[in-house]
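Trainee: Contents of structure_10.pdb (PDB, C-alpha atoms and all ligand atoms) are given next:
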```pdb
ATOM      1  CA  THR A   1      -6.376-132.831  91.006
ATOM      2  CA  VAL A   2      -3.514-134.550  89.242
ATOM      3  CA  PRO A   3      -3.717-138.331  88.844
ATOM      4  CA  VAL A   4      -0.881-139.825  90.908
ATOM      5  CA  SER A   5       0.312-141.904  87.942
ATOM      6  CA  THR A   6       1.182-138.749  85.983
ATOM      7  CA  ILE A   7       3.469-137.373  88.658
ATOM      8  CA  VAL A   8       7.084-138.399  88.216
ATOM      9  CA  SER A   9       8.106-137.292  91.682
ATOM     10  CA  LYS A  10       6.457-135.753  94.668
ATOM     11  CA  SER A  11       8.180-132.879  96.377
ATOM     12  CA  ASN A  12      11.148-134.074  98.406
ATOM     13  CA  ASP A  13      10.675-131.179 100.821
ATOM     14  CA  ASP A  14       8.424-132.446 103.578
ATOM     15  CA  ASN A  15       5.427-130.129 103.286
ATOM     16  CA  SER A  16       3.502-131.664 106.157
ATOM     17  CA  GLU A  17       6.150-130.664 108.717
ATOM     18  CA  ASN A  18       6.585-127.245 107.156
ATOM     19  CA  ASN A  19       3.138-125.594 107.301
ATOM     20  CA  GLY A  20       2.535-126.536 103.670
ATOM     21  CA  LYS A  21       5.598-124.539 102.593
ATOM     22  CA  HIS A  22       8.049-125.770  99.998
ATOM     23  CA  ARG A  23      11.307-124.504  98.484
ATOM     24  CA  LEU A  24       9.503-122.279  95.948
ATOM     25  CA  THR A  25       6.782-120.845  98.227
ATOM     26  CA  ASP A  26       8.431-117.404  98.479
ATOM     27  CA  ASP A  27       9.109-117.176  94.718
ATOM     28  CA  VAL A  28       5.525-118.112  93.911
ATOM     29  CA  GLU A  29       4.213-115.479  96.323
ATOM     30  CA  ARG A  30       6.468-112.746  94.922
ATOM     31  CA  ILE A  31       5.600-113.456  91.276
ATOM     32  CA  VAL A  32       1.853-113.703  92.019
ATOM     33  CA  GLN A  33       1.925-110.294  93.741
ATOM     34  CA  GLU A  34       3.881-108.774  90.823
ATOM     35  CA  HIS A  35       1.226-109.977  88.388
ATOM     36  CA  LEU A  36      -1.609-108.613  90.534
ATOM     37  CA  GLN A  37       0.087-105.182  90.377
ATOM     38  CA  TYR A  38       0.996-105.402  86.697
ATOM     39  CA  VAL A  39      -2.490-106.443  85.584
ATOM     40  CA  ARG A  40      -3.804-103.006  86.661
ATOM     41  CA  GLU A  41      -1.375-101.089  84.442
ATOM     42  CA  ASP A  42      -3.089 -99.954  81.267
ATOM     43  CA  VAL A  43      -1.947-100.309  77.694
ATOM     44  CA  SER A  44      -2.430 -96.738  76.460
ATOM     45  CA  ASN A  45       1.295 -95.919  76.348
ATOM     46  CA  GLY A  46       3.773 -97.795  74.194
ATOM     47  CA  TRP A  47       1.588-100.800  73.466
ATOM     48  CA  ASP A  48       0.499-101.739  69.935
ATOM     49  CA  LEU A  49      -2.835-103.414  69.311
ATOM     50  CA  ILE A  50      -1.755-106.310  67.067
ATOM     51  CA  HIS A  51      -5.005-108.233  66.877
ATOM     52  CA  GLN A  52      -8.674-107.636  67.543
ATOM     53  CA  ASP A  53     -11.540-110.058  67.074
ATOM     54  CA  GLY A  54     -14.817-109.186  68.808
ATOM     55  CA  GLU A  55     -14.103-108.951  72.512
ATOM     56  CA  MET A  56     -10.539-110.172  72.107
ATOM     57  CA  LYS A  57      -7.694-107.632  72.050
ATOM     58  CA  VAL A  58      -4.008-108.528  71.857
ATOM     59  CA  TYR A  59      -1.368-105.894  72.629
ATOM     60  CA  ARG A  60       2.386-106.046  72.575
ATOM     61  CA  ARG A  61       5.368-103.859  73.259
ATOM     62  CA  GLU A  62       8.413-104.318  71.022
ATOM     63  CA  VAL A  63      11.417-105.022  73.247
ATOM     64  CA  GLU A  64      14.774-106.600  72.440
ATOM     65  CA  GLU A  65      17.456-107.780  74.856
ATOM     66  CA  ASN A  66      20.894-108.303  73.291
ATOM     67  CA  GLY A  67      19.244-108.539  69.886
ATOM     68  CA  ILE A  68      16.726-111.152  71.068
ATOM     69  CA  VAL A  69      13.016-110.359  70.781
ATOM     70  CA  VAL A  70      11.368-110.523  74.218
ATOM     71  CA  ASP A  71       8.187-108.525  73.416
ATOM     72  CA  PRO A  72       5.803-108.384  76.415
ATOM     73  CA  LEU A  73       2.282-109.363  75.488
ATOM     74  CA  LYS A  74      -1.017-108.429  77.102
ATOM     75  CA  CYS A  75      -4.374-109.827  75.987
ATOM     76  CA  PHE A  76      -7.917-109.048  77.059
ATOM     77  CA  HIS A  77     -10.976-111.121  76.348
ATOM     78  CA  THR A  78     -14.512-111.531  77.637
ATOM     79  CA  ILE A  79     -16.127-114.952  77.419
ATOM     80  CA  LYS A  80     -19.824-115.556  77.922
ATOM     81  CA  GLY A  81     -21.144-118.505  79.909
ATOM     82  CA  VAL A  82     -18.081-119.448  81.939
ATOM     83  CA  THR A  83     -16.517-118.421  85.254
ATOM     84  CA  GLY A  84     -12.972-117.302  85.971
ATOM     85  CA  HIS A  85     -12.489-120.441  88.020
ATOM     86  CA  GLU A  86     -13.477-122.634  85.064
ATOM     87  CA  ILE A  87     -11.108-120.811  82.676
ATOM     88  CA  CYS A  88      -8.207-121.052  85.136
ATOM     89  CA  ARG A  89      -8.939-124.680  86.051
ATOM     90  CA  TYR A  90      -8.869-125.864  82.429
ATOM     91  CA  PHE A  91      -5.685-123.851  81.795
ATOM     92  CA  TRP A  92      -3.874-125.238  84.830
ATOM     93  CA  GLU A  93      -4.952-128.888  84.822
ATOM     94  CA  PHE A  94      -2.600-131.293  83.121
ATOM     95  CA  GLN A  95      -5.268-133.648  81.771
ATOM     96  CA  TYR A  96      -6.880-131.131  79.396
ATOM     97  CA  ARG A  97      -3.710-129.540  78.060
ATOM     98  CA  MET A  98      -3.142-131.531  74.884
ATOM     99  CA  GLU A  99      -6.801-131.051  73.925
ATOM    100  CA  TRP A 100      -6.390-127.301  73.462
ATOM    101  CA  GLU A 101      -2.616-126.752  73.075
ATOM    102  CA  THR A 102      -1.535-126.869  69.434
ATOM    103  CA  THR A 103       2.034-125.647  70.030
ATOM    104  CA  LEU A 104       3.282-128.644  72.067
ATOM    105  CA  ASP A 105       4.749-132.025  71.255
ATOM    106  CA  SER A 106       4.450-133.173  74.881
ATOM    107  CA  THR A 107       3.773-132.139  78.455
ATOM    108  CA  LYS A 108       4.415-133.856  81.758
ATOM    109  CA  ILE A 109       4.397-133.071  85.447
ATOM    110  CA  ILE A 110       7.783-133.740  87.000
ATOM    111  CA  GLU A 111       6.998-132.595  90.532
ATOM    112  CA  ALA A 112       3.967-131.666  92.648
ATOM    113  CA  LEU A 113       5.005-129.045  95.229
ATOM    114  CA  ASP A 114       1.576-128.654  96.818
ATOM    115  CA  PRO A 115      -2.026-129.205  95.664
ATOM    116  CA  ASP A 116      -1.964-125.885  93.728
ATOM    117  CA  THR A 117       1.617-125.860  92.454
ATOM    118  CA  VAL A 118       3.219-128.326  90.062
ATOM    119  CA  ILE A 119       6.316-128.319  87.866
ATOM    120  CA  PHE A 120       5.809-129.027  84.176
ATOM    121  CA  PHE A 121       8.304-130.104  81.564
ATOM    122  CA  GLN A 122       7.125-129.416  78.014
ATOM    123  CA  LEU A 123       8.480-129.969  74.521
ATOM    124  CA  HIS A 124       7.358-127.245  72.141
ATOM    125  CA  LYS A 125       6.700-127.803  68.469
ATOM    126  CA  ARG A 126       9.491-126.579  66.289
ATOM    127  CA  VAL A 127       8.542-123.338  64.575
ATOM    128  CA  TRP A 128      10.359-122.215  61.509
ATOM    129  CA  PRO A 129      13.049-120.898  61.404
ATOM    130  CA  ALA A 130      13.965-121.645  65.018
ATOM    131  CA  ALA A 131      15.347-124.786  66.638
ATOM    132  CA  GLN A 132      13.000-126.761  68.876
ATOM    133  CA  ARG A 133      12.462-125.411  72.395
ATOM    134  CA  ASP A 134      11.616-127.015  75.705
ATOM    135  CA  SER A 135      10.392-125.455  78.933
ATOM    136  CA  CYS A 136      10.402-126.256  82.621
ATOM    137  CA  PHE A 137       8.213-124.136  84.859
ATOM    138  CA  TRP A 138       6.226-124.093  88.054
ATOM    139  CA  SER A 139       2.524-123.584  87.515
ATOM    140  CA  HIS A 140       0.392-122.219  90.323
ATOM    141  CA  ILE A 141      -3.382-121.746  90.544
ATOM    142  CA  ARG A 142      -4.945-119.400  93.101
ATOM    143  CA  CYS A 143      -8.231-117.850  94.168
ATOM    144  CA  ILE A 144      -8.150-114.332  95.612
ATOM    145  CA  SER A 145     -11.277-113.103  97.379
ATOM    146  CA  ASN A 146     -11.797-109.359  97.077
ATOM    147  CA  SER A 147     -14.770-108.805  99.392
ATOM    148  CA  ASP A 148     -17.797-110.715 100.618
ATOM    149  CA  GLU A 149     -20.003-109.594  97.719
ATOM    150  CA  ASP A 150     -17.603-109.683  94.771
ATOM    151  CA  GLN A 151     -16.770-112.852  92.908
ATOM    152  CA  PRO A 152     -13.157-113.872  93.622
ATOM    153  CA  THR A 153     -10.336-113.333  91.139
ATOM    154  CA  TRP A 154      -8.697-116.522  89.870
ATOM    155  CA  LEU A 155      -5.230-116.709  88.453
ATOM    156  CA  VAL A 156      -2.628-119.100  87.088
ATOM    157  CA  VAL A 157       1.064-118.245  86.846
ATOM    158  CA  ASN A 158       3.617-120.215  84.805
ATOM    159  CA  TYR A 159       7.202-119.311  85.686
ATOM    160  CA  THR A 160      10.435-120.867  84.458
ATOM    161  CA  THR A 161      12.503-122.777  87.013
ATOM    162  CA  PRO A 162      15.441-125.181  86.755
ATOM    163  CA  HIS A 163      14.903-128.791  87.837
ATOM    164  CA  PRO A 164      17.267-131.757  88.280
ATOM    165  CA  LEU A 165      14.814-133.972  86.372
ATOM    166  CA  ALA A 166      14.915-131.559  83.433
ATOM    167  CA  PRO A 167      18.556-130.715  82.642
ATOM    168  CA  ILE A 168      19.152-128.626  79.522
ATOM    169  CA  LYS A 169      20.718-130.947  76.976
ATOM    170  CA  SER A 170      22.443-129.036  74.200
ATOM    171  CA  PRO A 171      21.497-128.443  71.377
ATOM    172  CA  GLN A 172      18.045-128.238  72.999
ATOM    173  CA  VAL A 173      17.141-124.594  73.737
ATOM    174  CA  ARG A 174      15.026-123.642  76.739
ATOM    175  CA  LEU A 175      12.283-121.001  76.676
ATOM    176  CA  VAL A 176      12.266-118.623  79.624
ATOM    177  CA  ALA A 177       8.779-117.511  80.522
ATOM    178  CA  ASN A 178       6.692-115.578  82.993
ATOM    179  CA  VAL A 179       3.044-115.985  82.041
ATOM    180  CA  ALA A 180      -0.164-115.186  83.909
ATOM    181  CA  LEU A 181      -3.825-115.774  83.257
ATOM    182  CA  ILE A 182      -6.038-113.619  85.490
ATOM    183  CA  CYS A 183      -9.829-113.949  85.482
ATOM    184  CA  GLU A 184     -12.823-112.197  87.002
ATOM    185  CA  THR A 185     -16.408-113.426  86.900
ATOM    186  CA  ILE A 186     -19.206-110.953  86.146
ATOM    187  CA  ILE A 187     -22.784-111.888  87.059
ATOM    188  CA  SER A 188     -25.493-109.849  85.340
ATOM    189  CA  GLU A 189     -28.902-109.430  87.023
ATOM    190  CA  PRO A 190     -27.940-111.655  89.962
ATOM    191  CA  PRO A 191     -30.980-113.588  91.223
ATOM    192  CA  LEU A 192     -31.777-113.440  94.955
ATOM    193  CA  ASN A 193     -30.796-117.057  95.370
ATOM    194  CA  PRO A 194     -27.245-117.723  94.096
ATOM    195  CA  LYS A 195     -28.372-121.254  93.202
ATOM    196  CA  ASP A 196     -30.540-119.743  90.428
ATOM    197  CA  ILE A 197     -27.588-118.250  88.511
ATOM    198  CA  LYS A 198     -27.604-119.519  84.918
ATOM    199  CA  ARG A 199     -24.748-119.685  82.425
ATOM    200  CA  GLU A 200     -26.471-116.983  80.349
ATOM    201  CA  ASN A 201     -26.021-114.580  83.292
ATOM    202  CA  ILE A 202     -22.277-115.060  83.701
ATOM    203  CA  GLN A 203     -19.201-113.966  81.838
ATOM    204  CA  CYS A 204     -15.492-114.067  82.424
ATOM    205  CA  LYS A 205     -13.160-111.119  81.989
ATOM    206  CA  LEU A 206      -9.779-112.551  81.132
ATOM    207  CA  THR A 207      -6.326-110.975  81.059
ATOM    208  CA  TYR A 208      -3.386-112.999  79.764
ATOM    209  CA  VAL A 209       0.143-111.618  80.018
ATOM    210  CA  ALA A 210       3.297-113.220  78.700
ATOM    211  CA  PHE A 211       6.987-112.447  78.932
ATOM    212  CA  VAL A 212       8.729-115.085  76.863
ATOM    213  CA  ASN A 213      12.423-115.099  76.040
ATOM    214  CA  PRO A 214      13.144-117.583  73.235
ATOM    215  CA  GLY A 215      16.394-118.507  74.976
ATOM    216  CA  GLY A 216      18.549-117.868  71.954
ATOM    217  CA  TRP A 217      18.556-115.801  68.794
ATOM    218  CA  VAL A 218      15.632-116.114  66.411
ATOM    219  CA  PRO A 219      15.151-113.737  63.450
ATOM    220  CA  SER A 220      13.026-110.867  64.824
ATOM    221  CA  ALA A 221      10.496-110.638  61.995
ATOM    222  CA  ALA A 222       9.857-114.387  61.991
ATOM    223  CA  LEU A 223       9.383-114.538  65.759
ATOM    224  CA  ARG A 224       7.036-111.541  65.793
ATOM    225  CA  GLY A 225       5.058-113.104  62.957
ATOM    226  CA  VAL A 226       4.688-116.380  64.865
ATOM    227  CA  ALA A 227       3.608-114.557  68.042
ATOM    228  CA  LYS A 228       1.073-112.393  66.199
ATOM    229  CA  ARG A 229      -0.508-115.498  64.705
ATOM    230  CA  GLU A 230      -0.234-117.943  67.634
ATOM    231  CA  TYR A 231      -1.395-115.922  70.672
ATOM    232  CA  PRO A 232      -4.793-114.992  69.166
ATOM    233  CA  ARG A 233      -5.177-118.562  67.913
ATOM    234  CA  PHE A 234      -4.437-119.916  71.391
ATOM    235  CA  LEU A 235      -6.902-117.529  73.067
ATOM    236  CA  LYS A 236      -9.686-118.351  70.653
ATOM    237  CA  ARG A 237      -9.172-122.109  70.684
ATOM    238  CA  PHE A 238      -8.619-122.400  74.442
ATOM    239  CA  THR A 239     -11.629-120.268  75.454
ATOM    240  CA  SER A 240     -13.944-122.030  72.967
ATOM    241  CA  TYR A 241     -12.721-125.320  74.388
ATOM    242  CA  VAL A 242     -13.693-124.296  77.935
ATOM    243  CA  VAL A 243     -17.122-123.086  76.751
ATOM    244  CA  GLU A 244     -17.706-126.467  75.058
ATOM    245  CA  GLN A 245     -16.454-128.491  78.031
ATOM    246  CA  THR A 246     -18.594-126.684  80.602
ATOM    247  CA  ARG A 247     -21.798-126.092  78.567
ATOM    248  CA  ASN A 248     -23.915-128.778  80.234
ATOM    249  CA  LYS A 249     -22.046-129.007  83.519
ATOM    250  CA  PRO A 250     -22.893-127.359  86.834
ATOM    251  CA  ILE A 251     -21.245-123.933  87.151
ATOM    252  CA  LEU A 252     -17.925-124.033  89.013
ATOM    253  CA  PHE A 253     -17.707-120.774  90.969
TER
HETATM  254  O1  LIG B   1       0.316-120.202  77.938
HETATM  255  C1  LIG B   1       0.189-121.067  77.093
HETATM  256  N1  LIG B   1       0.497-122.347  77.323
HETATM  257  C2  LIG B   1       0.973-122.823  78.598
HETATM  258  C3  LIG B   1       0.494-124.244  78.790
HETATM  259  O2  LIG B   1       1.044-125.122  77.833
HETATM  260  C4  LIG B   1       2.493-122.797  78.684
HETATM  261  C5  LIG B   1       3.058-121.412  78.580
HETATM  262  C6  LIG B   1       4.565-121.401  78.605
HETATM  263  C7  LIG B   1       5.234-121.113  77.436
HETATM  264  C8  LIG B   1       6.633-121.145  77.415
HETATM  265  C9  LIG B   1       7.331-121.460  78.577
HETATM  266  C10 LIG B   1       6.641-121.738  79.749
HETATM  267  C11 LIG B   1       5.254-121.707  79.767
HETATM  268  O3  LIG B   1       2.528-120.568  79.579
HETATM  269  C12 LIG B   1      -0.309-120.731  75.694
HETATM  270  C13 LIG B   1       0.861-120.322  74.883
HETATM  271  C14 LIG B   1       0.508-119.934  73.485
HETATM  272  C15 LIG B   1       1.772-119.981  72.660
HETATM  273  C16 LIG B   1       1.871-118.911  71.616
HETATM  274  C17 LIG B   1       3.137-119.056  70.790
HETATM  275  C18 LIG B   1       4.235-118.147  71.266
HETATM  276  C19 LIG B   1       5.302-117.941  70.232
HETATM  277  C20 LIG B   1       6.699-117.843  70.853
HETATM  278  C21 LIG B   1       7.547-118.969  70.358
HETATM  279  C22 LIG B   1       9.009-118.774  70.546
HETATM  280  C23 LIG B   1       9.764-119.955  69.953
HETATM  281  C24 LIG B   1      10.981-119.576  69.223
END
```
Spit out the file's structure as structure tokens when you get a sec.
Mentor:
Amino acid sequence: TVPVSTIVSKSNDDNSENNGKHRLTDDVERIVQEHLQYVREDVSNGWDLIHQDGEMKVYRREVEENGIVVDPLKCFHTIKGVTGHEICRYFWEFQYRMEWETTLDSTKIIEALDPDTVIFFQLHKRVWPAAQRDSCFWSHIRCISNSDEDQPTWLVVNYTTPHPLAPIKSPQVRLVANVALICETIISEPPLNPKDIKRENIQCKLTYVAFVNPGGWVPSAALRGVAKREYPRFLKRFTSYVVEQTRNKPILF
């Protein structure tokens, strides 16, 4: 949950009289469903493996729109000792962000749409040779149960949206992003009593996909170099952070 003091404004749509719906409910639903479809598509055709480190694999497809690099990215990782819910929770929650994010100058929540959907405004660190970027996006966390026996799938989607509290002030450039983190929990040798599951018997299968448009021209080679370095670094640092944070805590299924 988000501490009330960190929220600049609550949604001005009245959720309580609207079945918990808000102005972005339909967009969130559509983008979530797109990601659930897209995550099944494999990477055997047209994707380049740009980084591998143990269980971690980072793929990208080279795509340019009007001369701007918008390479889609797809990463796979398997992390021992944590659940998909834990990975998604730490990724979504505001209060942990600056502990694992190394590419931000600041982050804040400018609106809470419902208990699982908030709008973030972030200032990104300037990366050579580009001008500084900001971003404004809704961020949604969700649990999808597959069947009674399977562990549920957890996911977080970050999707760019305009907001009156976050006008684009030139020369500031805005990133446009559609990012998803999708996690499954695998339990090996499940004990008869679910209460007896230990961290050594669980692992999380993670897929992270990113479509990021830098919002303005950046030299292709420089941008691809930054992406090739920063996505693996993020995955390694973020997942290690969650392992450390949860090590001696009860398992959050
Ligand atoms: O997903 C990551 N971070 C989240 C939480 O901070 C925000 C992210 C996002 C990015 C941009 C717009 C909206 C939302 O989902 C981890 C991101 C790792 C960053 C790797 C660096 C990418 C390099 C591209 C930089 C282009 C700048 C010219």
Trainee: Of the residues A:Ser139, A:Gln132, A:Asn248, A:Gln151, which is the one nearest to Ile109 of chain A, using only C-alpha atoms?
Mentor: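 Ranking A:Ser139, A:Gln132, A:Asn248, A:Gln151 by distance to Ile109 of chain A, first place goes to A:Ser139.
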Trainee: Can you tell me which residues sit at most 6 Å away from ligand LIG 1 (chain B), counting only C-alpha atoms and all ligand atoms, written as a list in words?
Mentor: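 So the residues close to ligand LIG 1 (chain B) are Ala130, Ser135, Phe137, Asn158, Leu175, Val176, Ala177, Val179, Pro214, Val226, Ala227, Glu230, Tyr231 and Phe234 of chain A.
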Trainee: May I ask which of the residues A:Gly46, A:Gly84, A:Pro115, A:Pro72 is the closest one to His22 of chain A, counting all atoms listed in the file?
Mentor: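 Closest residue, counting all atoms listed in the file: A:Pro115.
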Trainee: Can you measure atom CA of Ser145 of chain A to atom CA of Arg30 of chain A for me? One decimal in Å is fine.
Mentor: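 According to the coordinates, atom CA of Ser145 of chain A and atom CA of Arg30 of chain A are separated by 17.9 Å.
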Trainee: Select, from A:Ile168, A:Lys108, A:Asp196, A:Tyr208, the residue with the minimum atom-to-atom distance to Pro232 of chain A, counting all atoms listed in the file.
Mentor: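 Going through A:Ile168, A:Lys108, A:Asp196, A:Tyr208 one by one, the smallest distance to Pro232 of chain A is for A:Tyr208.
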